[in-house]
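Participant: This is protein-v4.txt, which holds compact mmCIF, C-alpha atoms and all ligand atoms:
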```txt
# COMPACT_ATOMS: atom_id res chain seq x y z
CA MET D 1 -33.82 15.46 -34.91
CA ALA D 2 -31.95 17.15 -37.79
CA ALA D 3 -28.20 16.58 -37.76
CA SER D 4 -26.19 19.73 -37.01
CA SER D 5 -22.67 20.55 -35.91
CA SER D 6 -23.95 20.77 -32.34
CA HIS D 7 -25.82 17.48 -32.50
CA TYR D 8 -24.10 14.27 -31.47
CA ASP D 9 -25.16 10.67 -31.21
CA VAL D 10 -23.49 10.48 -27.81
CA ILE D 11 -22.41 13.20 -25.40
CA ILE D 12 -20.34 12.16 -22.42
CA ILE D 13 -19.97 14.52 -19.46
CA GLY D 14 -16.53 13.93 -17.91
CA ALA D 15 -13.20 13.26 -19.62
CA GLY D 16 -11.91 10.98 -16.88
CA ALA D 17 -11.13 7.27 -16.94
CA ALA D 18 -14.70 6.05 -17.52
CA GLY D 19 -15.73 8.84 -19.91
CA LEU D 20 -12.71 8.45 -22.23
CA MET D 21 -13.07 4.66 -22.32
CA CYS D 22 -16.74 5.02 -23.17
CA ALA D 23 -15.99 7.64 -25.85
CA ALA D 24 -13.51 5.42 -27.69
CA THR D 25 -15.83 2.40 -27.49
CA ALA D 26 -18.83 4.31 -28.86
CA GLY D 27 -16.67 6.06 -31.48
CA TYR D 28 -15.43 2.72 -32.85
CA ARG D 29 -19.07 1.74 -33.33
CA GLY D 30 -19.40 4.67 -35.73
CA ARG D 31 -21.23 6.91 -33.29
CA LYS D 32 -20.58 10.66 -33.43
CA VAL D 33 -19.21 11.27 -29.95
CA LEU D 34 -18.41 14.39 -27.94
CA VAL D 35 -16.84 14.44 -24.47
CA VAL D 36 -17.24 17.66 -22.49
CA ASP D 37 -15.39 18.48 -19.30
CA HIS D 38 -15.10 21.65 -17.25
CA ALA D 39 -11.45 21.07 -16.36
CA ASN D 40 -8.65 22.45 -18.52
CA LYS D 41 -7.10 19.01 -19.11
CA PRO D 42 -8.53 15.49 -19.43
CA GLY D 43 -7.77 12.61 -17.08
CA LYS D 44 -6.28 14.59 -14.21
CA LYS D 45 -6.97 11.81 -11.70
CA ILE D 46 -5.33 9.27 -13.95
CA LEU D 47 -2.18 11.41 -13.92
CA MET D 48 -2.06 11.65 -10.13
CA SER D 49 -3.05 8.02 -9.53
CA GLY D 50 -0.82 5.34 -8.11
CA GLY D 51 1.76 7.92 -6.99
CA GLY D 52 2.10 9.10 -10.63
CA ARG D 53 2.40 5.54 -12.00
CA CYS D 54 -1.32 4.66 -12.21
CA ASN D 55 -2.25 1.28 -10.78
CA PHE D 56 -4.38 0.74 -13.86
CA THR D 57 -5.88 -2.66 -13.08
CA ASN D 58 -5.72 -5.65 -10.79
CA LEU D 59 -5.38 -9.08 -12.36
CA ASN D 60 -7.13 -10.64 -9.36
CA SER D 61 -10.12 -8.30 -9.44
CA THR D 62 -13.42 -9.99 -8.57
CA PRO D 63 -16.81 -8.57 -7.58
CA ALA D 64 -15.78 -9.20 -3.95
CA ASN D 65 -13.38 -6.27 -4.32
CA PHE D 66 -16.25 -3.81 -4.65
CA LEU D 67 -18.60 -2.12 -2.19
CA SER D 68 -22.14 -1.33 -3.24
CA ASP D 69 -25.59 -1.35 -1.74
CA ASN D 70 -26.47 -3.68 -4.63
CA PRO D 71 -23.41 -5.97 -4.67
CA HIS D 72 -24.41 -8.06 -7.71
CA TYR D 73 -24.77 -5.06 -10.01
CA CYS D 74 -21.10 -4.81 -11.01
CA ILE D 75 -20.68 -8.50 -11.90
CA SER D 76 -21.92 -8.39 -15.49
CA ALA D 77 -19.81 -5.44 -16.69
CA LEU D 78 -16.70 -6.70 -14.89
CA LYS D 79 -17.11 -10.11 -16.51
CA ARG D 80 -17.52 -8.68 -20.00
CA TYR D 81 -14.47 -6.38 -19.79
CA THR D 82 -11.76 -7.99 -17.71
CA PRO D 83 -8.36 -6.84 -16.41
CA GLN D 84 -6.86 -9.01 -19.16
CA ASP D 85 -8.80 -7.04 -21.78
CA PHE D 86 -7.39 -3.74 -20.50
CA LEU D 87 -3.92 -5.25 -20.27
CA GLU D 88 -4.15 -6.26 -23.93
CA LEU D 89 -5.05 -2.67 -24.83
CA VAL D 90 -2.12 -1.33 -22.82
CA ASP D 91 0.23 -3.88 -24.43
CA ARG D 92 -1.01 -3.00 -27.93
CA HIS D 93 0.12 0.58 -27.19
CA GLY D 94 3.49 -0.65 -25.97
CA VAL D 95 3.12 0.71 -22.44
CA GLU D 96 5.69 -0.75 -20.09
CA HIS D 97 4.25 -1.96 -16.80
CA GLU D 98 5.13 -3.87 -13.68
CA GLU D 99 3.32 -5.92 -11.04
CA LYS D 100 4.22 -4.10 -7.84
CA ALA D 101 2.12 -6.25 -5.52
CA PRO D 102 0.26 -9.46 -6.42
CA GLY D 103 -2.10 -8.56 -9.30
CA GLN D 104 -1.51 -4.80 -9.07
CA LEU D 105 -0.29 -3.48 -12.42
CA PHE D 106 1.42 -0.08 -12.55
CA CYS D 107 3.05 1.87 -15.40
CA LYS D 108 6.80 1.51 -15.32
CA THR D 109 7.38 5.09 -16.42
CA SER D 110 4.40 7.35 -15.87
CA ALA D 111 0.61 7.48 -15.56
CA LYS D 112 0.77 9.69 -18.65
CA ASP D 113 1.14 6.48 -20.65
CA ILE D 114 -2.38 5.36 -19.66
CA LEU D 115 -3.89 8.75 -20.45
CA ASN D 116 -2.13 8.70 -23.82
CA VAL D 117 -3.60 5.26 -24.57
CA LEU D 118 -7.10 6.62 -23.92
CA LEU D 119 -6.58 9.86 -25.84
CA THR D 120 -5.09 7.98 -28.79
CA GLU D 121 -7.99 5.53 -28.78
CA CYS D 122 -10.46 8.45 -28.72
CA GLU D 123 -8.64 10.06 -31.64
CA TRP D 124 -8.59 6.81 -33.67
CA ALA D 125 -12.27 6.29 -32.90
CA GLY D 126 -13.07 9.84 -34.00
CA ALA D 127 -14.40 10.96 -30.62
CA GLU D 128 -14.16 14.71 -30.01
CA ILE D 129 -13.03 16.04 -26.63
CA ARG D 130 -13.95 19.57 -25.58
CA MET D 131 -12.27 20.76 -22.39
CA ALA D 132 -12.97 23.91 -20.31
CA THR D 133 -16.66 23.46 -21.05
CA SER D 134 -19.17 23.66 -18.22
CA VAL D 135 -22.58 22.11 -18.57
CA THR D 136 -25.12 24.50 -17.11
CA GLN D 137 -28.38 22.79 -18.02
CA VAL D 138 -29.56 19.36 -19.14
CA GLN D 139 -33.06 18.82 -20.45
CA LEU D 140 -34.86 15.77 -21.75
CA SER D 141 -35.94 16.51 -25.34
CA GLY D 142 -38.02 13.85 -27.03
CA THR D 143 -35.98 10.69 -26.73
CA GLY D 144 -32.71 12.63 -26.48
CA TYR D 145 -31.18 15.45 -24.47
CA LYS D 146 -30.45 19.16 -24.88
CA LEU D 147 -27.50 20.65 -23.06
CA LYS D 148 -26.58 24.27 -22.37
CA THR D 149 -22.86 24.66 -21.95
CA SER D 150 -20.37 27.49 -21.60
CA SER D 151 -19.51 26.92 -25.27
CA GLY D 152 -23.07 26.91 -26.59
CA SER D 153 -26.06 24.61 -26.92
CA LEU D 154 -25.66 20.92 -27.75
CA SER D 155 -28.01 18.05 -28.31
CA CYS D 156 -27.61 14.29 -28.35
CA GLU D 157 -29.43 11.04 -28.65
CA SER D 158 -27.60 9.40 -25.72
CA LEU D 159 -26.21 11.15 -22.67
CA VAL D 160 -23.53 9.49 -20.56
CA VAL D 161 -22.76 10.94 -17.13
CA ALA D 162 -19.16 10.16 -16.20
CA CYS D 163 -18.25 13.05 -13.95
CA GLY D 164 -16.80 11.04 -11.09
CA GLY D 165 -17.16 11.54 -7.34
CA LEU D 166 -16.39 14.22 -4.79
CA SER D 167 -12.85 13.23 -3.89
CA ILE D 168 -10.04 15.75 -4.43
CA PRO D 169 -12.07 18.85 -5.34
CA THR D 170 -8.84 20.61 -6.37
CA MET D 171 -8.64 18.15 -9.31
CA GLY D 172 -12.03 19.20 -10.70
CA ALA D 173 -14.30 16.90 -8.67
CA THR D 174 -17.84 18.20 -8.24
CA GLY D 175 -21.17 16.82 -7.14
CA PHE D 176 -22.55 17.55 -10.61
CA GLY D 177 -23.28 13.94 -11.51
CA TYR D 178 -25.27 13.39 -8.31
CA GLU D 179 -27.21 16.65 -8.76
CA LEU D 180 -27.98 15.81 -12.38
CA ALA D 181 -29.16 12.34 -11.38
CA LYS D 182 -31.51 13.84 -8.79
CA GLN D 183 -32.73 16.44 -11.25
CA LEU D 184 -33.53 13.66 -13.72
CA GLY D 185 -35.57 11.84 -11.08
CA LEU D 186 -33.05 9.25 -9.88
CA SER D 187 -32.23 8.39 -6.30
CA VAL D 188 -28.70 8.88 -5.05
CA LEU D 189 -27.41 6.96 -2.05
CA PRO D 190 -25.56 9.00 0.62
CA THR D 191 -21.94 9.63 -0.29
CA ARG D 192 -18.84 9.55 1.91
CA ALA D 193 -15.08 9.54 1.50
CA GLY D 194 -13.38 6.16 0.98
CA LEU D 195 -9.76 4.99 0.72
CA VAL D 196 -8.84 7.87 2.99
CA PRO D 197 -6.40 8.29 5.92
CA PHE D 198 -7.71 8.40 9.50
CA THR D 199 -7.29 11.33 11.85
CA LEU D 200 -6.68 10.75 15.57
CA HIS D 201 -7.76 12.37 18.82
CA PRO D 202 -5.03 14.76 20.11
CA GLU D 203 -3.83 12.50 22.94
CA LEU D 204 -3.31 9.43 20.74
CA LYS D 205 -1.85 11.57 17.98
CA GLN D 206 0.76 12.85 20.42
CA GLN D 207 1.49 9.34 21.72
CA LEU D 208 2.00 8.04 18.21
CA ALA D 209 4.10 11.01 17.07
CA PRO D 210 7.39 9.07 17.54
CA LEU D 211 6.08 6.45 15.07
CA SER D 212 5.51 9.02 12.35
CA GLY D 213 6.85 7.93 8.97
CA VAL D 214 7.12 4.27 9.96
CA SER D 215 5.29 1.55 8.09
CA CYS D 216 4.85 -2.14 8.91
CA PRO D 217 2.74 -5.03 7.64
CA VAL D 218 -0.29 -5.69 9.84
CA ASP D 219 -3.66 -7.38 9.78
CA ALA D 220 -6.29 -4.72 10.45
CA HIS D 221 -9.97 -5.41 10.91
CA CYS D 222 -13.18 -3.48 11.37
CA GLN D 223 -16.82 -4.23 10.49
CA ASN D 224 -15.85 -7.89 9.84
CA GLN D 225 -13.41 -6.88 7.10
CA HIS D 226 -9.75 -7.90 7.36
CA PHE D 227 -6.90 -6.39 5.38
CA ARG D 228 -3.40 -7.80 5.66
CA GLU D 229 -1.41 -4.90 4.28
CA PRO D 230 0.97 -2.26 5.69
CA ILE D 231 -0.04 0.50 8.08
CA LEU D 232 1.73 3.87 7.96
CA VAL D 233 1.75 6.25 10.91
CA THR D 234 1.90 9.86 9.70
CA HIS D 235 2.11 13.20 11.46
CA ARG D 236 -1.63 13.57 10.77
CA GLY D 237 -2.86 10.10 11.76
CA LEU D 238 -3.00 6.59 10.30
CA SER D 239 -2.56 5.76 6.64
CA GLY D 240 -1.01 3.04 4.46
CA PRO D 241 -2.92 0.45 2.42
CA SER D 242 -4.54 -1.38 5.37
CA MET D 243 -5.95 1.83 6.83
CA LEU D 244 -7.16 3.13 3.45
CA GLN D 245 -8.95 -0.17 2.82
CA ILE D 246 -10.52 -0.20 6.29
CA SER D 247 -11.67 3.42 5.87
CA SER D 248 -14.16 2.34 3.20
CA TYR D 249 -15.93 0.18 5.80
CA TRP D 250 -15.33 2.23 8.98
CA GLN D 251 -18.25 4.05 10.59
CA PRO D 252 -17.76 6.96 13.01
CA GLY D 253 -17.21 5.62 16.52
CA ASP D 254 -15.88 2.23 15.35
CA ASP D 255 -12.66 0.81 16.79
CA ILE D 256 -10.02 -0.55 14.43
CA HIS D 257 -8.30 -3.74 15.59
CA ILE D 258 -4.72 -4.17 14.48
CA ASN D 259 -2.61 -7.31 14.71
CA LEU D 260 0.93 -5.95 14.61
CA LEU D 261 2.52 -9.38 14.20
CA PRO D 262 0.10 -11.34 12.02
CA ALA D 263 2.76 -13.83 10.97
CA GLN D 264 3.76 -14.72 14.56
CA ARG D 265 2.28 -16.99 17.18
CA ILE D 266 2.96 -14.25 19.70
CA GLN D 267 2.02 -15.93 22.95
CA GLU D 268 3.90 -19.15 22.15
CA ASP D 269 6.91 -17.08 21.03
CA LEU D 270 6.98 -15.07 24.26
CA PHE D 271 6.68 -18.11 26.51
CA ALA D 272 9.43 -19.91 24.59
CA LEU D 273 11.70 -16.86 24.65
CA ARG D 274 11.22 -16.38 28.39
CA LYS D 275 12.31 -19.98 28.90
CA ALA D 276 15.27 -19.85 26.52
CA LYS D 277 16.51 -16.33 27.33
CA PRO D 278 14.96 -15.11 30.57
CA GLN D 279 16.97 -11.87 30.50
CA SER D 280 15.72 -10.78 27.11
CA THR D 281 13.19 -7.98 26.80
CA LEU D 282 10.01 -7.33 24.87
CA ALA D 283 11.87 -4.58 23.00
CA GLN D 284 14.28 -7.23 21.70
CA TYR D 285 11.41 -9.48 20.66
CA LEU D 286 9.67 -6.61 18.85
CA ASN D 287 12.94 -5.60 17.17
CA GLN D 288 13.09 -9.01 15.52
CA HIS D 289 9.68 -8.65 13.92
CA LEU D 290 8.94 -4.94 13.45
CA PRO D 291 10.86 -2.04 11.92
CA LYS D 292 13.32 -0.85 14.60
CA ARG D 293 11.79 2.58 15.11
CA PHE D 294 8.29 1.16 15.31
CA ALA D 295 9.41 -1.53 17.77
CA GLN D 296 11.17 0.98 19.98
CA ALA D 297 8.39 3.56 20.02
CA PHE D 298 5.62 1.00 20.49
CA ASN D 299 7.54 -0.58 23.34
CA GLU D 300 7.98 2.82 25.02
CA LEU D 301 4.32 3.61 24.47
CA GLN D 302 3.38 0.45 26.37
CA GLY D 303 6.06 0.93 29.07
CA TRP D 304 7.43 -2.61 28.63
CA SER D 305 10.87 -2.40 30.25
CA ARG D 306 11.41 -5.48 32.43
CA PRO D 307 13.24 -8.66 31.39
CA LEU D 308 10.88 -11.42 30.31
CA GLN D 309 11.58 -13.55 33.40
CA GLU D 310 9.79 -10.91 35.51
CA TYR D 311 6.54 -11.30 33.58
CA ARG D 312 3.93 -13.68 34.98
CA ASN D 313 2.01 -15.87 32.52
CA ILE D 314 -1.06 -13.67 32.67
CA GLU D 315 1.06 -10.57 31.96
CA LEU D 316 2.65 -12.17 28.90
CA GLU D 317 -0.81 -13.18 27.72
CA GLN D 318 -1.84 -9.52 28.04
CA VAL D 319 1.23 -8.39 26.11
CA ALA D 320 0.39 -10.89 23.36
CA GLU D 321 -3.18 -9.62 23.28
CA THR D 322 -1.98 -5.99 22.98
CA LEU D 323 0.21 -6.90 20.01
CA ARG D 324 -2.46 -9.07 18.42
CA ASN D 325 -5.31 -6.68 19.03
CA TRP D 326 -3.97 -3.12 19.24
CA THR D 327 -7.23 -1.18 19.33
CA VAL D 328 -7.43 2.33 17.94
CA LYS D 329 -10.47 4.60 17.79
CA PRO D 330 -9.93 7.17 15.03
CA ALA D 331 -11.35 10.67 15.45
CA GLY D 332 -12.50 10.67 11.83
CA THR D 333 -11.08 10.65 8.33
CA GLU D 334 -9.37 13.33 6.27
CA GLY D 335 -12.52 13.47 4.11
CA TYR D 336 -12.83 14.25 0.43
CA ARG D 337 -9.73 16.47 0.50
CA THR D 338 -7.45 13.41 0.31
CA ALA D 339 -9.84 10.50 -0.35
CA GLU D 340 -9.14 8.36 -3.40
CA VAL D 341 -12.79 7.56 -3.95
CA THR D 342 -16.36 8.46 -3.07
CA LEU D 343 -18.57 5.72 -1.66
CA GLY D 344 -22.29 5.74 -2.45
CA GLY D 345 -23.73 7.56 -5.44
CA VAL D 346 -26.34 6.82 -8.08
CA ASP D 347 -28.42 3.87 -6.86
CA THR D 348 -27.68 1.01 -9.25
CA ARG D 349 -31.13 -0.53 -8.80
CA GLN D 350 -32.30 2.03 -11.37
CA LEU D 351 -29.66 1.03 -13.93
CA SER D 352 -29.21 -1.85 -16.35
CA SER D 353 -26.21 -3.92 -15.28
CA LYS D 354 -25.62 -4.79 -18.94
CA THR D 355 -25.55 -1.27 -20.43
CA MET D 356 -25.42 1.11 -17.43
CA ALA D 357 -28.53 2.80 -18.88
CA VAL D 358 -31.27 4.15 -16.64
CA LEU D 359 -34.06 1.56 -16.87
CA GLU D 360 -36.78 4.19 -17.13
CA GLN D 361 -34.80 6.48 -19.49
CA PRO D 362 -32.87 4.21 -21.85
CA ASN D 363 -30.80 6.97 -23.48
CA LEU D 364 -29.29 8.11 -20.18
CA TYR D 365 -26.24 6.32 -18.79
CA PHE D 366 -24.19 6.59 -15.56
CA ILE D 367 -20.68 5.12 -15.41
CA GLY D 368 -17.55 5.14 -13.25
CA GLU D 369 -17.31 6.59 -9.78
CA VAL D 370 -20.58 8.55 -9.86
CA VAL D 371 -22.35 5.19 -9.55
CA ASP D 372 -22.67 3.35 -6.21
CA VAL D 373 -19.85 0.91 -6.99
CA THR D 374 -16.53 1.47 -5.19
CA GLY D 375 -13.47 -0.70 -5.43
CA HIS D 376 -10.82 -1.70 -2.95
CA LEU D 377 -7.38 -0.17 -3.21
CA GLY D 378 -5.15 -1.85 -5.79
CA GLY D 379 -6.39 -1.00 -9.30
CA HIS D 380 -10.01 -2.10 -8.87
CA ASN D 381 -11.47 1.39 -9.23
CA PHE D 382 -9.92 1.90 -12.64
CA GLN D 383 -11.07 -1.57 -13.66
CA TRP D 384 -14.63 -0.50 -12.82
CA ALA D 385 -14.16 2.74 -14.82
CA TRP D 386 -12.94 0.74 -17.86
CA ALA D 387 -15.61 -1.98 -17.58
CA SER D 388 -18.55 0.39 -17.02
CA GLY D 389 -17.24 2.71 -19.75
CA VAL D 390 -17.08 -0.15 -22.26
CA ALA D 391 -20.53 -1.43 -21.25
CA ALA D 392 -22.11 1.99 -21.90
CA GLY D 393 -19.96 2.65 -24.97
CA ASN D 394 -21.28 -0.53 -26.57
CA ALA D 395 -24.88 0.55 -26.05
CA ALA D 396 -25.06 4.36 -26.18
C1 LIG U 1 -4.95 10.45 -5.51
C2 LIG U 1 -5.70 9.35 -6.19
C3 LIG U 1 -5.05 8.21 -6.59
C4 LIG U 1 -5.76 7.16 -7.18
N1 LIG U 1 -5.08 6.07 -7.58
C5 LIG U 1 -5.76 5.03 -8.15
C6 LIG U 1 -5.06 3.90 -8.65
O1 LIG U 1 -3.83 3.86 -8.68
N2 LIG U 1 -5.81 2.86 -9.14
C7 LIG U 1 -7.18 2.90 -9.19
O2 LIG U 1 -7.80 1.93 -9.66
N3 LIG U 1 -7.85 4.00 -8.79
C8 LIG U 1 -7.17 5.06 -8.28
N4 LIG U 1 -7.86 6.17 -7.88
C9 LIG U 1 -9.32 6.22 -8.11
C10 LIG U 1 -9.60 6.58 -9.58
O3 LIG U 1 -8.87 7.74 -9.92
C11 LIG U 1 -11.08 6.82 -9.80
O4 LIG U 1 -11.81 5.71 -9.34
C12 LIG U 1 -11.38 7.03 -11.28
O5 LIG U 1 -10.65 8.14 -11.75
C13 LIG U 1 -12.86 7.26 -11.51
O6 LIG U 1 -13.06 7.49 -12.87
P1 LIG U 1 -14.26 8.39 -13.38
O7 LIG U 1 -14.06 8.53 -14.84
O8 LIG U 1 -15.53 7.89 -12.87
O9 LIG U 1 -14.02 9.81 -12.68
P2 LIG U 1 -12.81 10.83 -12.87
O10 LIG U 1 -11.60 10.14 -13.37
O11 LIG U 1 -12.75 11.56 -11.59
O12 LIG U 1 -13.31 11.78 -14.04
C14 LIG U 1 -14.40 12.65 -13.88
C15 LIG U 1 -14.25 13.80 -14.86
O13 LIG U 1 -15.45 14.57 -14.82
C16 LIG U 1 -15.12 15.92 -14.81
N5 LIG U 1 -16.20 16.69 -14.18
C17 LIG U 1 -16.55 16.74 -12.89
N6 LIG U 1 -17.58 17.58 -12.73
C18 LIG U 1 -17.88 18.06 -13.95
C19 LIG U 1 -18.84 18.98 -14.41
N7 LIG U 1 -19.69 19.60 -13.57
N8 LIG U 1 -18.88 19.27 -15.74
C20 LIG U 1 -17.99 18.68 -16.59
N9 LIG U 1 -17.06 17.81 -16.21
C21 LIG U 1 -17.01 17.50 -14.88
C22 LIG U 1 -13.81 16.02 -14.04
O14 LIG U 1 -13.11 17.19 -14.38
C23 LIG U 1 -13.11 14.74 -14.51
O15 LIG U 1 -12.31 14.97 -15.64
C24 LIG U 1 -7.16 7.26 -7.34
C25 LIG U 1 -7.83 8.42 -6.94
C26 LIG U 1 -7.11 9.47 -6.39
C27 LIG U 1 -7.85 10.71 -6.00
```
Go through the file and emit its structure as structure tokens.
Facilitator:
Amino acid sequence: MAASSSHYDVIIIGAGAAGLMCAATAGYRGRKVLVVDHANKPGKKILMSGGGRCNFTNLNSTPANFLSDNPHYCISALKRYTPQDFLELVDRHGVEHEEKAPGQLFCKTSAKDILNVLLTECEWAGAEIRMATSVTQVQLSGTGYKLKTSSGSLSCESLVVACGGLSIPTMGATGFGYELAKQLGLSVLPTRAGLVPFTLHPELKQQLAPLSGVSCPVDAHCQNQHFREPILVTHRGLSGPSMLQISSYWQPGDDIHINLLPAQRIQEDLFALRKAKPQSTLAQYLNQHLPKRFAQAFNELQGWSRPLQEYRNIELEQVAETLRNWTVKPAGTEGYRTAEVTLGGVDTRQLSSKTMAVLEQPNLYFIGEVVDVTGHLGGHNFQWAWASGVAAGNAA
């Protein structure tokens, strides 16, 4: 194909985390790269991530931190571009960061720092970014692709689809990547919201209203997955890291089992306390181990008012079981409106785990969230965006 101002070696649809990383990587290889995005600004999700501080990687990230119908797919890319590699990039740009929880690295100042790293890298690599540009048509043309966009026709040798998932539509999320994949003959696994707060049935919501705003560390489990992280009761339902993590595994109708005192041997504690201080109450015991407001409200919810000496062994065993296995059946989740990620997506069985290219169409690539690889909370999703972006950028 003759070179023209509208012809590029690589066109990337989506100026998010994965697309920008891919653009810089391909640009440094001397490829003529264009990134197009329909939003007015690049990297909007990066800016809103991690409460504005962007949890940009997780030093302890392993393939076990990812959900996929094809769990081995992500291993190769994650191995070849590690959290340490991204950290080195961030350090080279002098971005200050901190480890807020084990392995979870956040910007000290602002998520803007991470976006600036990516935009600077794209500039240094000579990659062009064209915002406010909608792609209206994509057509296979020889071994490359022709695109119709709101700013004219474009063509490229390699096309990289990096337009993310469906979460937070107000930030520019669309189902475009999935539709394009289907149009180009690929299968897309069903999508659903992940890392999302739970909603509750009205009666439970009302009962838990006094706990609203309170957070405490718990061990929550569902579908054989355990997460020992805080729960947060909100005026809308259940949130906090443990609930967000569980939401990626939860299926409608499932119960969530919550151990409110995972660090305690509850039954032994209660028996010993009854012996040592027979007049003490369950409220006093809970006060020692839970935030005061949570302890008080949970105690009232259960109607535990008598002194411990009035509890028979079997009753104390039941109390211990309630604290160890508080069972909640959510009504649903808040859905894509507030979800951090979209589960499911382009079936990875059709892609090369080395390059992210479609096996049957080697000049077509899918990277980032649009692919059926979804990370746990804690920086893993960005690590996948970086790793898959680099893998495609080195090949496209
Ligand atoms: C509130 C929130 C907080 C988060 N915090 C974290 C965190 O701290 N750590 C972490 O690891 N992950 C976090 N995530 C997840 C993380 O943001 C995503 O996993 C990551 O952004 C995915 O990267 P991506 O490049 O695949 O998609 P995106 O970053 O979503 O980029 C996709 C781009 O494609 C563009 N696009 C969409 N449709 C079209 C179209 N039709 N035409 C052209 N362009 C299009 C969009 O405008 C966007 O710029 C958070 C997510 C949310 C919503």
Participant: Which of these, D:Ala295, D:Ile114, D:Cys74, D:Ile46, has the shortest distance to ligand LIG 1 (chain U) once you count all atoms listed in the file?
Facilitator: D:Ile46
Participant: Return the single residue from D:Pro102, D:Gly30, D:Gly389, D:Gly213 that is closest to D:Ala17, with distances computed using all atoms listed in the file.
Facilitator: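 Ranking D:Pro102, D:Gly30, D:Gly389, D:Gly213 by distance to D:Ala17, first place goes to D:Gly389.
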Participant: What's around stretch 215-218 of chain D at 6 Å? Count only C-alpha atoms, leave out sequence neighbours fewer than 2 positions away in its own chain, and write the answer as a PyMOL selection string.
Facilitator: chain D and resi 228-232+259-260
Participant: Counting all atoms listed in the file, what residues are within 7 Å of ligand LIG 1 (chain U), given as a PyMOL selection string?
Facilitator: chain D and resi 13-19+36-39+42-46+48-51+54-57+133-135+162-165+167-168+171-177+338-341+367-370+377-383+385
Participant: If we count all atoms listed in the file, what is near D:Lys275 at a cut-off of 12 Å, once residues fewer than 2 positions away on the same chain are taken out, given as a PyMOL selection string?
Facilitator: chain D and resi 268-273+277-280+307-311+313
Participant: Tell me, in Å to one decimal, how far atom CA of D:Leu20 is from atom CA of D:Gly344.
Facilitator: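 Computing it gives 22.1 Å between the two atoms.
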Participant: In Å, with one decimal, what is the gap from atom CA of D:Val358 to atom CA of D:Thr82?
Facilitator: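 Separation between atom CA of D:Val358 and atom CA of D:Thr82: 23.0 Å.
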Participant: May I have the residues within 10 Å of D:Tyr8 as a VMD selection string, using all atoms listed in the file and disregarding those fewer than 5 positions away in the same chain?
Facilitator: chain D and resid 3 31 to 34 154 to 159
Participant: For C-alpha atoms, I'd like the residues from the last selection saved as a short mmCIF file (atom, residue, chain, number, x, y, z; two decimals), keeping the file's coordinate frame.
Facilitator:
```cif
data_model
loop_
_atom_site.label_atom_id
_atom_site.label_comp_id
_atom_site.auth_asym_id
_atom_site.auth_seq_id
_atom_site.Cartn_x
_atom_site.Cartn_y
_atom_site.Cartn_z
CA ALA D 3 -28.20 16.58 -37.76
CA ARG D 31 -21.23 6.91 -33.29
CA LYS D 32 -20.58 10.66 -33.43
CA VAL D 33 -19.21 11.27 -29.95
CA LEU D 34 -18.41 14.39 -27.94
CA LEU D 154 -25.66 20.92 -27.75
CA SER D 155 -28.01 18.05 -28.31
CA CYS D 156 -27.61 14.29 -28.35
CA GLU D 157 -29.43 11.04 -28.65
CA SER D 158 -27.60 9.40 -25.72
CA LEU D 159 -26.21 11.15 -22.67
#
```
Participant: Between atom CA of D:Pro210 and atom CA of D:Thr234, what is the spacing in Å?
Facilitator: 9.6 Å
Participant: Skipping near chain neighbours, those fewer than 5 positions away, what residues fall within 7 Å of D:Leu59 using all atoms listed in the file, listed as a PyMOL selection string?
Facilitator: chain D and resi 83-84+103-104
Participant: Could you tell me which of D:Gly27, D:Pro252, D:Gly332, D:Pro362 comes closest to D:Glu128 if we count only C-alpha atoms?
Facilitator: D:Gly27
Participant: Which residue out of D:Gly185, D:Pro202, D:Pro330, D:Pro291 has the minimum interatomic distance to D:Gln350 when only C-alpha atoms are used?
Facilitator: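 Once distances to D:Gln350 are computed over only C-alpha atoms, the minimum belongs to D:Gly185.
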Participant: Could you check which residues have any atom within 7 Å of (-2.8, 14.2, 15.1), counting only C-alpha atoms with coordinates taken straight from the file, and then list them as an NGL selection string?
Facilitator: :D and (199-202 or 205-206 or 235-237)
Participant: Deliver the residues from the most recent selection as a file, using C-alpha atoms, as a PDB file, in the coordinates of the input.
Facilitator:
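Produced file part.pdb, reproduced below:
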```pdb
ATOM      1  CA  THR D 199      -7.290  11.330  11.850  1.00  0.00           C
ATOM      2  CA  LEU D 200      -6.680  10.750  15.570  1.00  0.00           C
ATOM      3  CA  HIS D 201      -7.760  12.370  18.820  1.00  0.00           C
ATOM      4  CA  PRO D 202      -5.030  14.760  20.110  1.00  0.00           C
ATOM      5  CA  LYS D 205      -1.850  11.570  17.980  1.00  0.00           C
ATOM      6  CA  GLN D 206       0.760  12.850  20.420  1.00  0.00           C
ATOM      7  CA  HIS D 235       2.110  13.200  11.460  1.00  0.00           C
ATOM      8  CA  ARG D 236      -1.630  13.570  10.770  1.00  0.00           C
ATOM      9  CA  GLY D 237      -2.860  10.100  11.760  1.00  0.00           C
TER      10      GLY D 237
END
```
